[in-house]
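Raw contents of structure_2.pdb, PDB, N, CA and C atoms:
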```
ATOM      1  N   MET A   1     -52.108  87.452  13.136
ATOM      2  CA  MET A   1     -52.386  86.336  12.243
ATOM      3  C   MET A   1     -53.226  85.264  12.948
ATOM      4  N   PHE A   2     -52.829  84.911  14.149
ATOM      5  CA  PHE A   2     -53.507  83.854  14.889
ATOM      6  C   PHE A   2     -54.265  84.436  16.074
ATOM      7  N   TYR A   3     -55.389  83.831  16.391
ATOM      8  CA  TYR A   3     -56.133  84.211  17.586
ATOM      9  C   TYR A   3     -55.582  83.442  18.787
ATOM     10  N   GLU A   4     -55.430  82.150  18.603
ATOM     11  CA  GLU A   4     -54.879  81.295  19.656
ATOM     12  C   GLU A   4     -53.357  81.260  19.542
ATOM     13  N   LYS A   5     -52.691  81.026  20.650
ATOM     14  CA  LYS A   5     -51.240  80.878  20.611
ATOM     15  C   LYS A   5     -50.898  79.635  19.805
ATOM     16  N   THR A   6     -49.784  79.698  19.124
ATOM     17  CA  THR A   6     -49.343  78.558  18.331
ATOM     18  C   THR A   6     -47.854  78.343  18.542
ATOM     19  N   TYR A   7     -47.357  77.243  18.041
ATOM     20  CA  TYR A   7     -45.945  76.915  18.179
ATOM     21  C   TYR A   7     -45.083  77.896  17.386
ATOM     22  N   VAL A   8     -43.950  78.252  17.956
ATOM     23  CA  VAL A   8     -43.007  79.137  17.270
ATOM     24  C   VAL A   8     -42.561  78.498  15.964
ATOM     25  N   SER A   9     -42.352  77.184  15.976
ATOM     26  CA  SER A   9     -41.900  76.494  14.760
ATOM     27  C   SER A   9     -42.936  76.611  13.635
ATOM     28  N   TYR A  10     -44.218  76.609  13.992
ATOM     29  CA  TYR A  10     -45.280  76.761  12.989
ATOM     30  C   TYR A  10     -45.272  78.179  12.414
ATOM     31  N   LYS A  11     -45.135  79.173  13.293
ATOM     32  CA  LYS A  11     -45.044  80.565  12.829
ATOM     33  C   LYS A  11     -43.824  80.740  11.930
ATOM     34  N   ASP A  12     -42.706  80.141  12.323
ATOM     35  CA  ASP A  12     -41.484  80.234  11.523
ATOM     36  C   ASP A  12     -41.679  79.603  10.147
ATOM     37  N   TRP A  13     -42.388  78.482  10.093
ATOM     38  CA  TRP A  13     -42.644  77.815   8.817
ATOM     39  C   TRP A  13     -43.488  78.709   7.907
ATOM     40  N   LEU A  14     -44.547  79.309   8.454
ATOM     41  CA  LEU A  14     -45.376  80.207   7.653
ATOM     42  C   LEU A  14     -44.590  81.427   7.189
ATOM     43  N   THR A  15     -43.758  81.954   8.055
ATOM     44  CA  THR A  15     -42.911  83.084   7.683
ATOM     45  C   THR A  15     -41.964  82.698   6.564
ATOM     46  N   SER A  16     -41.411  81.488   6.635
ATOM     47  CA  SER A  16     -40.485  81.037   5.589
ATOM     48  C   SER A  16     -41.198  80.907   4.244
ATOM     49  N   LEU A  17     -42.479  80.529   4.255
ATOM     50  CA  LEU A  17     -43.242  80.481   3.001
ATOM     51  C   LEU A  17     -43.365  81.873   2.395
ATOM     52  N   ALA A  18     -43.677  82.848   3.230
ATOM     53  CA  ALA A  18     -43.818  84.224   2.752
ATOM     54  C   ALA A  18     -42.485  84.755   2.225
ATOM     55  N   LEU A  19     -41.398  84.414   2.894
ATOM     56  CA  LEU A  19     -40.087  84.910   2.475
ATOM     57  C   LEU A  19     -39.623  84.289   1.157
ATOM     58  N   ARG A  20     -40.152  83.128   0.813
ATOM     59  CA  ARG A  20     -39.795  82.491  -0.456
ATOM     60  C   ARG A  20     -40.580  83.057  -1.634
ATOM     61  N   ALA A  21     -41.643  83.781  -1.348
ATOM     62  CA  ALA A  21     -42.446  84.370  -2.411
ATOM     63  C   ALA A  21     -41.685  85.533  -3.043
ATOM     64  N   SER A  22     -42.070  85.886  -4.230
ATOM     65  CA  SER A  22     -41.459  87.005  -4.936
ATOM     66  C   SER A  22     -41.711  88.307  -4.172
ATOM     67  N   SER A  23     -40.652  89.009  -3.813
ATOM     68  CA  SER A  23     -40.832  90.276  -3.099
ATOM     69  C   SER A  23     -41.550  91.292  -3.980
ATOM     70  N   TYR A  24     -41.257  91.291  -5.258
ATOM     71  CA  TYR A  24     -41.931  92.183  -6.201
ATOM     72  C   TYR A  24     -43.438  91.891  -6.235
ATOM     73  N   GLY A  25     -43.781  90.611  -6.307
ATOM     74  CA  GLY A  25     -45.192  90.212  -6.311
ATOM     75  C   GLY A  25     -45.887  90.546  -5.004
ATOM     76  N   MET A  26     -45.207  90.352  -3.891
ATOM     77  CA  MET A  26     -45.787  90.672  -2.583
ATOM     78  C   MET A  26     -46.054  92.171  -2.455
ATOM     79  N   ILE A  27     -45.105  92.986  -2.913
ATOM     80  CA  ILE A  27     -45.275  94.440  -2.844
ATOM     81  C   ILE A  27     -46.445  94.871  -3.717
ATOM     82  N   LEU A  28     -46.515  94.358  -4.945
ATOM     83  CA  LEU A  28     -47.619  94.727  -5.839
ATOM     84  C   LEU A  28     -48.966  94.256  -5.293
ATOM     85  N   SER A  29     -48.996  93.079  -4.690
ATOM     86  CA  SER A  29     -50.243  92.575  -4.096
ATOM     87  C   SER A  29     -50.700  93.475  -2.953
ATOM     88  N   THR A  30     -49.760  93.884  -2.125
ATOM     89  CA  THR A  30     -50.090  94.757  -0.998
ATOM     90  C   THR A  30     -50.597  96.113  -1.487
ATOM     91  N   LEU A  31     -49.940  96.660  -2.501
ATOM     92  CA  LEU A  31     -50.396  97.940  -3.058
ATOM     93  C   LEU A  31     -51.789  97.808  -3.684
ATOM     94  N   ALA A  32     -52.017  96.699  -4.370
ATOM     95  CA  ALA A  32     -53.332  96.479  -4.982
ATOM     96  C   ALA A  32     -54.413  96.370  -3.922
ATOM     97  N   MET A  33     -54.131  95.659  -2.828
ATOM     98  CA  MET A  33     -55.128  95.547  -1.751
ATOM     99  C   MET A  33     -55.433  96.913  -1.154
ATOM    100  N   ARG A  34     -54.430  97.759  -1.078
ATOM    101  CA  ARG A  34     -54.625  99.088  -0.510
ATOM    102  C   ARG A  34     -55.329 100.042  -1.478
ATOM    103  N   ASP A  35     -54.985  99.971  -2.774
ATOM    104  CA  ASP A  35     -55.383 101.016  -3.713
ATOM    105  C   ASP A  35     -56.552 100.686  -4.631
ATOM    106  N   GLU A  36     -56.800  99.418  -4.905
ATOM    107  CA  GLU A  36     -57.816  99.086  -5.893
ATOM    108  C   GLU A  36     -59.209  99.026  -5.283
ATOM    109  N   ASN A  37     -60.169  99.525  -6.030
ATOM    110  CA  ASN A  37     -61.568  99.472  -5.634
ATOM    111  C   ASN A  37     -62.214  98.312  -6.396
ATOM    112  N   VAL A  38     -62.596  97.285  -5.671
ATOM    113  CA  VAL A  38     -63.154  96.090  -6.313
ATOM    114  C   VAL A  38     -64.674  95.990  -6.147
ATOM    115  N   GLN A  39     -65.308  97.055  -5.694
ATOM    116  CA  GLN A  39     -66.752  97.011  -5.456
ATOM    117  C   GLN A  39     -67.522  96.572  -6.694
ATOM    118  N   ALA A  40     -67.222  97.140  -7.840
ATOM    119  CA  ALA A  40     -67.945  96.792  -9.062
ATOM    120  C   ALA A  40     -67.745  95.319  -9.421
ATOM    121  N   ASP A  41     -66.543  94.817  -9.176
ATOM    122  CA  ASP A  41     -66.272  93.401  -9.462
ATOM    123  C   ASP A  41     -67.092  92.493  -8.544
ATOM    124  N   LEU A  42     -67.153  92.842  -7.262
ATOM    125  CA  LEU A  42     -67.890  92.018  -6.309
ATOM    126  C   LEU A  42     -69.380  91.983  -6.647
ATOM    127  N   GLU A  43     -69.914  93.100  -7.091
ATOM    128  CA  GLU A  43     -71.341  93.171  -7.432
ATOM    129  C   GLU A  43     -71.695  92.289  -8.612
ATOM    130  N   GLN A  44     -70.718  91.916  -9.417
ATOM    131  CA  GLN A  44     -70.964  91.094 -10.602
ATOM    132  C   GLN A  44     -70.918  89.596 -10.319
ATOM    133  N   ILE A  45     -70.579  89.218  -9.112
ATOM    134  CA  ILE A  45     -70.544  87.799  -8.749
ATOM    135  C   ILE A  45     -71.984  87.318  -8.625
ATOM    136  N   THR A  46     -72.340  86.306  -9.405
ATOM    137  CA  THR A  46     -73.734  85.829  -9.426
ATOM    138  C   THR A  46     -73.897  84.400  -8.938
ATOM    139  N   VAL A  47     -72.825  83.763  -8.565
ATOM    140  CA  VAL A  47     -72.906  82.386  -8.080
ATOM    141  C   VAL A  47     -72.891  82.396  -6.556
ATOM    142  N   PRO A  48     -73.454  81.365  -5.927
ATOM    143  CA  PRO A  48     -73.375  81.292  -4.465
ATOM    144  C   PRO A  48     -71.908  81.358  -4.019
ATOM    145  N   THR A  49     -71.651  82.190  -3.037
ATOM    146  CA  THR A  49     -70.283  82.455  -2.604
ATOM    147  C   THR A  49     -70.188  82.301  -1.087
ATOM    148  N   LEU A  50     -69.262  81.479  -0.649
ATOM    149  CA  LEU A  50     -69.035  81.287   0.776
ATOM    150  C   LEU A  50     -68.023  82.325   1.247
ATOM    151  N   ILE A  51     -68.399  83.096   2.260
ATOM    152  CA  ILE A  51     -67.503  84.089   2.841
ATOM    153  C   ILE A  51     -67.266  83.695   4.295
ATOM    154  N   CYS A  52     -66.025  83.356   4.612
ATOM    155  CA  CYS A  52     -65.633  83.007   5.981
ATOM    156  C   CYS A  52     -64.685  84.087   6.477
ATOM    157  N   HIS A  53     -64.867  84.494   7.727
ATOM    158  CA  HIS A  53     -64.003  85.556   8.246
ATOM    159  C   HIS A  53     -63.787  85.382   9.742
ATOM    160  N   GLY A  54     -62.543  85.505  10.144
ATOM    161  CA  GLY A  54     -62.213  85.466  11.566
ATOM    162  C   GLY A  54     -62.562  86.789  12.220
ATOM    163  N   GLU A  55     -63.367  86.747  13.254
ATOM    164  CA  GLU A  55     -63.805  87.980  13.911
ATOM    165  C   GLU A  55     -62.655  88.725  14.589
ATOM    166  N   LYS A  56     -61.574  88.043  14.881
ATOM    167  CA  LYS A  56     -60.414  88.669  15.529
ATOM    168  C   LYS A  56     -59.314  89.000  14.517
ATOM    169  N   ASP A  57     -59.664  89.038  13.240
ATOM    170  CA  ASP A  57     -58.708  89.277  12.162
ATOM    171  C   ASP A  57     -58.169  90.702  12.234
ATOM    172  N   ALA A  58     -56.858  90.837  12.402
ATOM    173  CA  ALA A  58     -56.221  92.151  12.444
ATOM    174  C   ALA A  58     -55.639  92.526  11.083
ATOM    175  N   VAL A  59     -55.659  91.602  10.128
ATOM    176  CA  VAL A  59     -55.117  91.853   8.793
ATOM    177  C   VAL A  59     -56.200  92.423   7.875
ATOM    178  N   CYS A  60     -57.355  91.786   7.881
ATOM    179  CA  CYS A  60     -58.483  92.202   7.048
ATOM    180  C   CYS A  60     -59.640  92.539   7.991
ATOM    181  N   SER A  61     -59.966  93.801   8.076
ATOM    182  CA  SER A  61     -60.919  94.258   9.082
ATOM    183  C   SER A  61     -62.318  93.661   8.888
ATOM    184  N   TYR A  62     -63.062  93.657   9.964
ATOM    185  CA  TYR A  62     -64.437  93.151   9.922
ATOM    186  C   TYR A  62     -65.308  94.032   9.021
ATOM    187  N   GLU A  63     -64.954  95.305   8.884
ATOM    188  CA  GLU A  63     -65.699  96.206   8.008
ATOM    189  C   GLU A  63     -65.596  95.758   6.543
ATOM    190  N   VAL A  64     -64.420  95.286   6.140
ATOM    191  CA  VAL A  64     -64.238  94.775   4.778
ATOM    192  C   VAL A  64     -65.130  93.559   4.566
ATOM    193  N   PHE A  65     -65.179  92.697   5.561
ATOM    194  CA  PHE A  65     -66.033  91.514   5.527
ATOM    195  C   PHE A  65     -67.497  91.915   5.358
ATOM    196  N   GLU A  66     -67.944  92.886   6.152
ATOM    197  CA  GLU A  66     -69.340  93.332   6.072
ATOM    198  C   GLU A  66     -69.647  93.946   4.706
ATOM    199  N   GLU A  67     -68.683  94.652   4.129
ATOM    200  CA  GLU A  67     -68.877  95.236   2.801
ATOM    201  C   GLU A  67     -69.039  94.140   1.744
ATOM    202  N   MET A  68     -68.227  93.092   1.852
ATOM    203  CA  MET A  68     -68.329  91.979   0.904
ATOM    204  C   MET A  68     -69.714  91.342   0.963
ATOM    205  N   ILE A  69     -70.229  91.187   2.167
ATOM    206  CA  ILE A  69     -71.550  90.591   2.350
ATOM    207  C   ILE A  69     -72.599  91.392   1.587
ATOM    208  N   GLN A  70     -72.503  92.707   1.679
ATOM    209  CA  GLN A  70     -73.490  93.563   1.028
ATOM    210  C   GLN A  70     -73.330  93.585  -0.485
ATOM    211  N   LEU A  71     -72.101  93.439  -0.981
ATOM    212  CA  LEU A  71     -71.850  93.567  -2.410
ATOM    213  C   LEU A  71     -72.033  92.271  -3.191
ATOM    214  N   ILE A  72     -71.922  91.130  -2.529
ATOM    215  CA  ILE A  72     -72.069  89.841  -3.232
ATOM    216  C   ILE A  72     -73.459  89.309  -2.910
ATOM    217  N   PRO A  73     -74.370  89.371  -3.888
ATOM    218  CA  PRO A  73     -75.783  89.077  -3.625
ATOM    219  C   PRO A  73     -76.078  87.674  -3.087
ATOM    220  N   LYS A  74     -75.404  86.662  -3.571
ATOM    221  CA  LYS A  74     -75.708  85.285  -3.155
ATOM    222  C   LYS A  74     -74.656  84.763  -2.181
ATOM    223  N   SER A  75     -74.266  85.608  -1.244
ATOM    224  CA  SER A  75     -73.219  85.172  -0.319
ATOM    225  C   SER A  75     -73.809  84.450   0.885
ATOM    226  N   ILE A  76     -73.073  83.452   1.306
ATOM    227  CA  ILE A  76     -73.378  82.721   2.533
ATOM    228  C   ILE A  76     -72.259  83.085   3.495
ATOM    229  N   VAL A  77     -72.626  83.626   4.633
ATOM    230  CA  VAL A  77     -71.653  84.196   5.552
ATOM    231  C   VAL A  77     -71.479  83.315   6.781
ATOM    232  N   VAL A  78     -70.228  83.021   7.091
ATOM    233  CA  VAL A  78     -69.930  82.249   8.294
ATOM    234  C   VAL A  78     -68.826  82.968   9.068
ATOM    235  N   PRO A  79     -69.181  83.560  10.200
ATOM    236  CA  PRO A  79     -68.147  84.181  11.033
ATOM    237  C   PRO A  79     -67.419  83.113  11.852
ATOM    238  N   PHE A  80     -66.151  83.327  12.054
ATOM    239  CA  PHE A  80     -65.340  82.436  12.878
ATOM    240  C   PHE A  80     -64.952  83.217  14.121
ATOM    241  N   ARG A  81     -65.675  82.989  15.190
ATOM    242  CA  ARG A  81     -65.558  83.801  16.400
ATOM    243  C   ARG A  81     -64.244  83.618  17.147
ATOM    244  N   LYS A  82     -63.609  82.475  16.973
ATOM    245  CA  LYS A  82     -62.362  82.194  17.692
ATOM    246  C   LYS A  82     -61.169  82.201  16.734
ATOM    247  N   SER A  83     -61.224  83.072  15.710
ATOM    248  CA  SER A  83     -60.162  83.089  14.709
ATOM    249  C   SER A  83     -59.669  84.484  14.413
ATOM    250  N   GLY A  84     -58.377  84.525  14.084
ATOM    251  CA  GLY A  84     -57.779  85.727  13.535
ATOM    252  C   GLY A  84     -57.816  85.603  12.022
ATOM    253  N   HIS A  85     -56.743  86.034  11.359
ATOM    254  CA  HIS A  85     -56.668  85.956   9.899
ATOM    255  C   HIS A  85     -56.499  84.505   9.435
ATOM    256  N   ALA A  86     -55.903  83.690  10.271
ATOM    257  CA  ALA A  86     -55.577  82.311   9.892
ATOM    258  C   ALA A  86     -56.664  81.340  10.362
ATOM    259  N   ILE A  87     -57.860  81.447   9.766
ATOM    260  CA  ILE A  87     -58.940  80.542  10.175
ATOM    261  C   ILE A  87     -58.589  79.089   9.872
ATOM    262  N   PHE A  88     -57.721  78.885   8.874
ATOM    263  CA  PHE A  88     -57.280  77.521   8.554
ATOM    264  C   PHE A  88     -56.516  76.900   9.713
ATOM    265  N   HIS A  89     -56.004  77.725  10.610
ATOM    266  CA  HIS A  89     -55.281  77.232  11.783
ATOM    267  C   HIS A  89     -56.162  77.280  13.032
ATOM    268  N   ASP A  90     -56.770  78.435  13.263
ATOM    269  CA  ASP A  90     -57.510  78.645  14.508
ATOM    270  C   ASP A  90     -58.737  77.755  14.643
ATOM    271  N   GLU A  91     -59.469  77.565  13.566
ATOM    272  CA  GLU A  91     -60.687  76.740  13.620
ATOM    273  C   GLU A  91     -60.747  75.823  12.395
ATOM    274  N   LYS A  92     -59.703  75.013  12.233
ATOM    275  CA  LYS A  92     -59.583  74.183  11.025
ATOM    276  C   LYS A  92     -60.726  73.190  10.864
ATOM    277  N   ASP A  93     -61.199  72.585  11.944
ATOM    278  CA  ASP A  93     -62.287  71.606  11.823
ATOM    279  C   ASP A  93     -63.582  72.285  11.375
ATOM    280  N   LYS A  94     -63.873  73.435  11.965
ATOM    281  CA  LYS A  94     -65.074  74.177  11.567
ATOM    282  C   LYS A  94     -64.950  74.636  10.111
ATOM    283  N   LEU A  95     -63.779  75.098   9.715
ATOM    284  CA  LEU A  95     -63.574  75.534   8.332
ATOM    285  C   LEU A  95     -63.775  74.368   7.364
ATOM    286  N   ASN A  96     -63.212  73.222   7.674
ATOM    287  CA  ASN A  96     -63.367  72.053   6.805
ATOM    288  C   ASN A  96     -64.824  71.630   6.697
ATOM    289  N   ARG A  97     -65.543  71.591   7.821
ATOM    290  CA  ARG A  97     -66.972  71.233   7.800
ATOM    291  C   ARG A  97     -67.773  72.237   6.983
ATOM    292  N   THR A  98     -67.484  73.512   7.190
ATOM    293  CA  THR A  98     -68.203  74.574   6.507
ATOM    294  C   THR A  98     -68.000  74.491   4.997
ATOM    295  N   MET A  99     -66.758  74.326   4.582
ATOM    296  CA  MET A  99     -66.487  74.237   3.142
ATOM    297  C   MET A  99     -67.110  72.988   2.535
ATOM    298  N   LEU A 100     -67.056  71.880   3.245
ATOM    299  CA  LEU A 100     -67.649  70.649   2.741
ATOM    300  C   LEU A 100     -69.158  70.797   2.566
ATOM    301  N   MET A 101     -69.821  71.387   3.563
ATOM    302  CA  MET A 101     -71.272  71.603   3.442
ATOM    303  C   MET A 101     -71.587  72.536   2.271
ATOM    304  N   PHE A 102     -70.798  73.561   2.090
ATOM    305  CA  PHE A 102     -71.015  74.496   0.993
ATOM    306  C   PHE A 102     -70.834  73.787  -0.353
ATOM    307  N   ILE A 103     -69.770  73.016  -0.468
ATOM    308  CA  ILE A 103     -69.498  72.295  -1.720
ATOM    309  C   ILE A 103     -70.604  71.290  -2.029
ATOM    310  N   GLN A 104     -71.136  70.652  -0.993
ATOM    311  CA  GLN A 104     -72.202  69.671  -1.180
ATOM    312  C   GLN A 104     -73.570  70.338  -1.342
ATOM    313  N   ASN A 105     -73.581  71.658  -1.407
ATOM    314  CA  ASN A 105     -74.819  72.431  -1.604
ATOM    315  C   ASN A 105     -75.838  72.241  -0.500
ATOM    316  N   LYS A 106     -75.375  72.122   0.720
ATOM    317  CA  LYS A 106     -76.304  72.056   1.834
ATOM    318  C   LYS A 106     -76.901  73.454   2.019
ATOM    319  N   ASN A 107     -78.200  73.520   2.278
ATOM    320  CA  ASN A 107     -78.849  74.815   2.427
ATOM    321  C   ASN A 107     -78.466  75.519   3.709
ATOM    322  N   GLU A 108     -78.164  74.761   4.746
ATOM    323  CA  GLU A 108     -77.842  75.371   6.022
ATOM    324  C   GLU A 108     -76.402  75.055   6.375
ATOM    325  N   ILE A 109     -75.699  76.085   6.690
ATOM    326  CA  ILE A 109     -74.350  75.922   7.201
ATOM    327  C   ILE A 109     -74.381  76.430   8.625
ATOM    328  N   LYS A 110     -74.069  75.560   9.543
ATOM    329  CA  LYS A 110     -74.116  75.943  10.960
ATOM    330  C   LYS A 110     -72.789  76.547  11.358
ATOM    331  N   SER A 111     -72.849  77.720  11.977
ATOM    332  CA  SER A 111     -71.604  78.384  12.386
ATOM    333  C   SER A 111     -71.168  77.966  13.759
TER     334      SER A 111
END
```
Let me see the file written as structure tokens.
Amino acid sequence: MFYEKTYVSYKDWLTSLALRASSYGMILSTLAMRDENVQADLEQITVPTLICHGEKDAVCSYEVFEEMIQLIPKSIVVPFRKSGHAIFHDEKDKLNRTMLMFIQNKNEIKS
């Protein structure tokens, strides 16, 4: 989940959030991620789309990220080199800057 070490209490808090979620919903979500082919859906996205991905992500492989880039025509790609799956934790300042620039329609987003 994390690239950098984090506090045990923080990991415990995130785990507690997951444990409070519906187990039925979590199971169905996991099965859908494994079994559903969303390629056709991604190809239909026509608005500018920001794609951020942690290069050290062990949950969602870099290959999935690269596929999204190819399937979403107007995608803006920002790799997070020092992040795992939790880019909101590993590189929160960069993520906030990146999203703000994207929302403000800046043409260049610096990674």
Step one, run DSSP on the backbone; step two, keep only residues of stretch 26-82 of chain A assigned to strand (DSSP E or B); then write them as a PyMOL selection string. chain A and resi 49-54+75-80
I'd like the contact shell of stretch 73-86 of chain A - 12 Å cut-off, only C-alpha atoms, skipping same-chain residues fewer than 4 positions apart - returned as an MDAnalysis selection string. chainID A and resid 1:6 11 14 41:62 65:69 90:95 97:99 101:103 105:111
How many Å lie between atom C of A:Phe88 and atom C of A:Ala21, rounded to one decimal? 21.4 Å
At what distance in Å, to one decimal, does atom N of A:Ile27 lie from atom N of A:Trp13?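 Atom N of A:Trp13 sits 19.7 Å away from atom N of A:Ile27.
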What gap, in Å, lies between atom CA of A:Ala40 and atom CA of A:Ile72?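 Those two atoms sit 10.0 Å apart.
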Backbone-only DSSP, alpha helix (DSSP H) members of stretch 23-79 of chain A, as a list in words: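 Selecting the alpha helix (DSSP H) positions of stretch 23-79 of chain A gives Ser23, Tyr24, Gly25, Met26, Ile27, Leu28, Ser29, Thr30, Leu31, Ala32, Met33, Arg34, Asp35, Gln39, Ala40, Asp41, Leu42, Glu43, Tyr62, Glu63, Val64, Phe65, Glu66, Glu67, Met68, Ile69, Gln70 and Leu71 of chain A.
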Padding of 3 Å on every side, edges along x, y and z, all listed atoms of stretch 67-73 of chain A included: what centre and edge lengths in Å, to one decimal, does that box have, as AutoDock Vina command-line options?
```
--center_x -72.2 --center_y 91.5 --center_z 0.1 --size_x 13.9 --size_y 13.6 --size_z 14.0
```
